[in-house]
Structure formats: structure tokens, C-alpha cells
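See below for the structure under consideration.
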Amino acid sequence: MDYHKNQILTVTIDDIGTNGEGIGRFEGYTLFVKDAVPGDIAEARITKVKKNYAYARCERIITPSARRTEPFCEEYRRCGGCQIQALSYEEQLKFKENKVRNDLARIGGIPAEVINGVFEPIIGMDEPKRYRNKSQYPVGEDSNGNPVAGFYAGRTHSIIPCTDCGLAPEENSTILKIILDHMRTYKIPAYDESNGSGIIRHVMIRKGFTTGEIMVCLVIRNTKRDVLISGQTELIEKLCSVRGMTSVCVSINNENTNVIMGNEIHTLFGSDKINDVLLGKEFEISPLSFYQVNPVQVEKLYGTAIEYANLSGGEEVWDVCCGIGTISLCMSDKAKYVHGLEIVPEAIEDAKKNATLNGINNADYICAAAEDYLPAHKDEITADVIVLDPPRKGMDETALRAIADVAPDRIVYVSCDSATLARDIKYLTGRGYEVKRVRCADMFPQTVHVETVCPNFLRQSITSRLRWIWMSWI
């Protein structure tokens with residue numbers, strides 16, 4: 001049978017893909033169906049045809065799955081940010097565990113019986129909504145020229161108006177409405193990326209969940225150095241009516257780029273940072289700081305990493321890809337000394353300030369790329385524990401090789417992408433390490449993303465030790 005775009009087929013969804021799409025088959029032909037969940041019987045409209053499979057979107061649910069739940073957001077299908085919001089939360093957690101298990105087996109080459117022996121239950125949320133402490137909203141105009149803010153539709157730069165995302169704090173809706181009303185009153189145009197005109201590009205909102213402090217940062221294209229925002233005083237007064245408002249700033253971004261924030265920051269009101277508390281430590285968060293977006297779950301995630309590090313008080317700890325020092329500073333009480341390594345200069349400065357803020361004297365921070373610094377200094381590094389918390393792309397192999405050459409007793413890997421985690425664990429396994437425990441933490445409910453903590457212990461047999469020593473020479 002020939003298949004074509006816009007053809008509608010009735011399929012039973014019997015599986016789920018890594019991106020959250022339902023998987024069904026029609027006369028042996030596989031369909032990846034957006035917004036369908038396992039157990040659904042659905043009408044699916046084909047959007048792209050391949051030789052042995054097709055992509056489709058769910059047009060109508062004929063018989064809903066028992067695993068399906070009513071989405072809490074009207075825009076979830078158009079937005080695409082919450083890929084699995086229609087799946088019950090219990091099933092979301094099962095999906096994420098299976099995703100990590102499959103990657104460890106398929107990519108990492110870890111036998112199923114080993115995975116079953118080390119895998120621990122996923123850490124879910126009691127209330128998997130309103131958990132994001134940072135949100136970034138693109139600003140544009142509708143067909144009538146009115147300013148709108150929301151989110152990009154999947155794989156596009158078309159803005160879906162949405163001022164009340166169910167993953168963000170309720171204050172965000174009030175803040176966005178104040179800004180959009182101000183733009184209308186003062187006729188401030190939204191940025192138009194097609195021709196580079198307009199002023200306001202994005203609104204970033206951050207909240208310290210423990211302190212209640214709020215930061216609003218307007219990302220703007222600025223052409224007048226003496227005036228950043230028309231009616232600026234009035235806008236600040238209105239924003240300050242929001243409880244917890246601590247900082248209002250602008251980020252200048254005149255570049256034709258997809259990068260949201262510019263490097264030039266001007267504080268219009270209050271402090272140039274907000275504060276939050278994590279595992280008893282206070283952290284300063286600036287507009288450009290990296291800080292985990294789910295403060296409820298990050299305490300559980302980092303608590304698990306600290307547990308897995310098995311610190312007794314005498315260890316030297318290296319925190320690679322340390323960001324603003326959150327993990328290493330939280331480990332400092334239980335370690336002899338902690339070192340942080342990070343490529344972003346602003347993050348390193350924040351880490352140093354956070355150490356001072358908390359009166360921590362057994363920590364230092366180095367601004368360098370792991371793949372450059374570690375090979376050049378591997379003979380000087382003394383490490384009992386190395387913590388890895390890389391971005392989604394995982395660790396550079398050059399850095400991994402240097403870490404294996406340093407040969408710490410324990411490597412605690414914190415990962416936001418189980419595929420690159422599995423790839424890197426496979427390398428470490430070949431250098432004499434073995435996986436002792438694996439645990440997922442659901443940092444991003446309603447989405448397909450999941451964090452995983454995995455400690456790797458160096459095998460102590462003579463054969464293994466000789467093997468990695470030999471490999472370090474070749």
C-alpha cells in the first residue's frame with residue numbers, strides 16, 4: 001500500500017518512542033504518532049512519509065487508553081514543551097526509567113541482569129506542576145499588531161501566546177500581563193527576527209523558591225543608550241507590586257542570533273541577583289547563572305549524588321562542569337577539599353562568591369574547559385572522588401581519558417541525557433570502573449527529559465589495575 005502526506009489511518013498505539021510519541025502499526029507499517037499514548041486507538045494524520053515508517057499527528061482519539069490523563073494545559077499540543085502531558089504521571093515515571101534502562105543496555109553494553117541489580121526506584125514529584133524556577137518567554141506580535149508572549153511551537157519560531165504556563169510559578173502570569181500592557185500603552189514594538197526591527201525580544205523570570213525572591217530580565221534590542229525602556233519608571237512601579245520582586249534588569253542583545261541572553265546587563269531596580277537556598281547552602285543567582293530549574297527535585301538529586309559519593313571527611317573531590325558550584329559546595333562539609341572546574345567565566349565568579357557567602361574555605365574554582373585542563377594537569381591532580389555533571393552532549397573523550405588516568409576511587413556521574421551517559425559509562429567500564437548504583441530523578445515532569453545519578457567504582461583487582469595503567473600508556 002502506498003502512503004502519502006495527510007492520509008488518515010486508524011491505529012492502535014502499542015509503544016512509546018524516546019521523544020514521547022506514540023508508536024502504532026497499520027498493516028505492518030510503523031507510525032510515530034505525536035500526542036498519542038500507549039493503549040490509545042486513534043485516527044492519525046500522516047505528516048511525513050519514509051520508506052518503512054511515517055510520522056503522524058493524532059487527529060482524534062477513538063478509544064482512550066487507561067494510561068491517558070486529561071492535560072492541564074490547553075496549549076500543550078501546539079506548544080510541544082510538555083511532550084507527555086497526556087500520559088498519567090505514574091506512566092511518565094515508568095517511561096523515563098525504561099528509557100534509561102534501554103540506553104544503558106543498548107548503548108552502554110551493560111547486561112540486563114547487572115542493570116536490574118543496580119537500578120533503584122525513580123524519584124518522582126508529589127506535585128508535578130509549577131516547578132520551574134526559571135522561564136524564558138519570546139515576545140512577538142499577533143496578526144493585529146498586539147504584543148504577545150508565550151512559547152515557540154515545536155520546530156518553529158511561531159509564538160503561541162501563553163501567559164500562564166502550568167510548569168511556571170503563578171506570579172509569571174501577572175508579570176507578563178504587566179509587561180504586555182506596558183508595551184501597548186507606550187507602543188513599544190516587539191522584536192521582529194525577520195528584519196531585526198523592534199525592541200523587546202524575550203522576558204526571563206527567575207524565582208528563588210525558598211526565599212521567594214523574583215528577578216525579571218527583559219531581553220531587548222537597544223538603539224538609544226540614554227533610554228533603555230520607554231516609561232521605565234512606571235513599568236518598575238507596576239512590577240514592584242508583585243510580591244517578592246527583588247530585581248528588574250535588561251539584557252542587551254543586538255545580535256541576529258537564536259541565543260536569548262546578551263552579555264551586557266543593566267539593573268534597573270533592586271539587586272543584580274537573587275538568592276536561594278539549596279541543601280542548607282545559600283546561592284546567589286545572576287541573570288546569566290546556570291541553576292537547576294526544579295528546586296524541589298534538585299535537593300533530592302544532589303542529595304543522591306552526595307550519598308553515592310560516600311564521603312567520610314578526608315576526600316579530595318573534583319567537581320567537573322561545576323556551574324556555580326552547587327554540588328561541590330553542598331559536598332564541602334563532608335570532604336577534605338573540593339575543586340570546581342567550569343568553562344563559563346561568569347559561573348566561576350558566582351561559585352567563588354557562593355563559597356564566600358557560605359563561609360566555605362575548603363573550595364577553589366578554576367575557569368577552563370575540562371578537555372583542556374584535565375589532560376594538561378592529570379599528573380598534578382589528586383582526587384578520591386570526581387563528580388561529572390556535563391551538558392546534554394556528555395563528556396569529551398579527551399577529558400574522560402584524563403579522568404581515568406587520574407584514577408579516582410569513585411566517579412559520580414550526574415546526567416541529563418541517558419544516551420550520552422551510557423556512552424561515557426561504556427568508556428569508563430573499559431578503563432576499570434564498574435557501575436554500582438543507578439537512580440533517576442524526575443526533574444522535568446510532563447516532558448521526556450530525566451536526570452540520572454550513577455556512581456562508578458574503580459575495580460580493585462590487580463588485573464583491572466594493570467589494564468587501565470597499560471591503556472594509559474597507549
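Ordering of the C-alpha cells sets the chain letters (A, B, ...), residue numbers begin anew at 1 in every chain, and ligands are numbered from 1 in the order given.
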- Message: Show me, as a ChimeraX atom specification, the residues that have an atom within 7 Å of Leu9 in chain A when counting only C-alpha atoms, minus same-chain residues fewer than 2 positions from it.
- Response: /A:7,11,43-45
- helix (DSSP H, G or I) call set, DSSP backbone run, range 407-443 of chain A, as a list in words: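 Put together, the selection reads Ser418, Ala419, Thr420, Leu421, Ala422, Arg423, Asp424, Ile425, Lys426, Tyr427, Leu428, Thr429 and Gly430 of chain A.
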Would you list the contacts of Asn263 in chain A as a PDB file with C-alpha atoms, in the first residue's frame, taking every protein, DNA or RNA residue within 9 Å and counting only C-alpha atoms, but skipping same-chain residues closer than 2 positions in sequence?
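Saved to part01.pdb:
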```pdb
ATOM      1  CA  SER A 251      19.915  42.309  28.844  1.00  0.00           C
ATOM      2  CA  ILE A 252      21.118  43.995  25.656  1.00  0.00           C
ATOM      3  CA  ASN A 253      21.131  41.663  22.659  1.00  0.00           C
ATOM      4  CA  MET A 261      20.560  36.468  26.548  1.00  0.00           C
ATOM      5  CA  ILE A 265      23.246  43.536  31.725  1.00  0.00           C
ATOM      6  CA  LEU A 288      23.392  34.543  33.362  1.00  0.00           C
TER       7      LEU A 288
END
```
Long-range neighbours of range 225-241 of chain A as a PDB file with N, CA and C atoms, in the first residue's frame, 8 Å cut-off, only C-alpha atoms, 2 positions minimum in chain:
```
ATOM      1  N   ILE A 175       3.241  39.019  35.912  1.00  0.00           N
ATOM      2  CA  ILE A 175       4.381  39.784  35.396  1.00  0.00           C
ATOM      3  C   ILE A 175       4.280  39.972  33.889  1.00  0.00           C
ATOM      4  N   ILE A 178       1.619  42.556  32.958  1.00  0.00           N
ATOM      5  CA  ILE A 178       2.094  43.919  33.217  1.00  0.00           C
ATOM      6  C   ILE A 178       2.981  44.392  32.076  1.00  0.00           C
ATOM      7  N   ILE A 179       3.899  43.554  31.630  1.00  0.00           N
ATOM      8  CA  ILE A 179       4.829  43.945  30.570  1.00  0.00           C
ATOM      9  C   ILE A 179       4.103  44.141  29.245  1.00  0.00           C
ATOM     10  N   HIS A 182       2.138  47.315  29.306  1.00  0.00           N
ATOM     11  CA  HIS A 182       3.059  48.448  29.196  1.00  0.00           C
ATOM     12  C   HIS A 182       3.505  48.645  27.747  1.00  0.00           C
ATOM     13  N   TYR A 186       2.759  52.198  25.788  1.00  0.00           N
ATOM     14  CA  TYR A 186       3.864  53.024  25.302  1.00  0.00           C
ATOM     15  C   TYR A 186       4.274  52.703  23.864  1.00  0.00           C
ATOM     16  N   ILE A 188       5.602  50.133  22.492  1.00  0.00           N
ATOM     17  CA  ILE A 188       6.943  49.560  22.375  1.00  0.00           C
ATOM     18  C   ILE A 188       6.844  48.325  21.489  1.00  0.00           C
ATOM     19  N   ASN A 222      18.629  47.355  21.803  1.00  0.00           N
ATOM     20  CA  ASN A 222      18.727  48.734  22.265  1.00  0.00           C
ATOM     21  C   ASN A 222      19.428  49.610  21.245  1.00  0.00           C
ATOM     22  N   THR A 223      18.808  50.725  20.902  1.00  0.00           N
ATOM     23  CA  THR A 223      19.408  51.662  19.948  1.00  0.00           C
ATOM     24  C   THR A 223      19.670  53.022  20.576  1.00  0.00           C
ATOM     25  N   ARG A 243       4.542  40.507  44.645  1.00  0.00           N
ATOM     26  CA  ARG A 243       5.205  40.100  45.883  1.00  0.00           C
ATOM     27  C   ARG A 243       6.498  39.339  45.586  1.00  0.00           C
ATOM     28  N   MET A 245       9.283  40.745  44.354  1.00  0.00           N
ATOM     29  CA  MET A 245      10.120  41.353  43.322  1.00  0.00           C
ATOM     30  C   MET A 245      11.392  41.924  43.933  1.00  0.00           C
ATOM     31  N   VAL A 248      14.920  43.937  38.802  1.00  0.00           N
ATOM     32  CA  VAL A 248      14.445  44.171  37.439  1.00  0.00           C
ATOM     33  C   VAL A 248      15.646  44.639  36.632  1.00  0.00           C
ATOM     34  N   VAL A 250      17.698  44.604  32.439  1.00  0.00           N
ATOM     35  CA  VAL A 250      17.601  44.390  30.997  1.00  0.00           C
ATOM     36  C   VAL A 250      18.903  43.754  30.521  1.00  0.00           C
ATOM     37  N   LEU A 268      17.874  47.786  36.592  1.00  0.00           N
ATOM     38  CA  LEU A 268      17.002  48.956  36.669  1.00  0.00           C
ATOM     39  C   LEU A 268      16.439  49.150  38.065  1.00  0.00           C
ATOM     40  N   PHE A 269      16.281  48.063  38.794  1.00  0.00           N
ATOM     41  CA  PHE A 269      15.725  48.143  40.144  1.00  0.00           C
ATOM     42  C   PHE A 269      16.301  47.034  41.018  1.00  0.00           C
TER      43      PHE A 269
END
```
- So which one's closest to Ser332 in chain A, A:Thr210, A:Asp142, A:Asn361, A:Glu346? Using only C-alpha atoms, please. A:Asn361
- Query: What gap, in Å, lies between CA of Leu421 in chain A and CA of Pro390 in chain A?
  - Reply: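 Going from CA of Leu421 in chain A over to CA of Pro390 in chain A, I get 9.4 Å.
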- CA of Arg67 in chain A and CA of Tyr55 in chain A, how far apart in Å? 21.8 Å
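Note that the spacing between CA of Arg184 in chain A and CA of Ile160 in chain A amounts to 18.4 Å.
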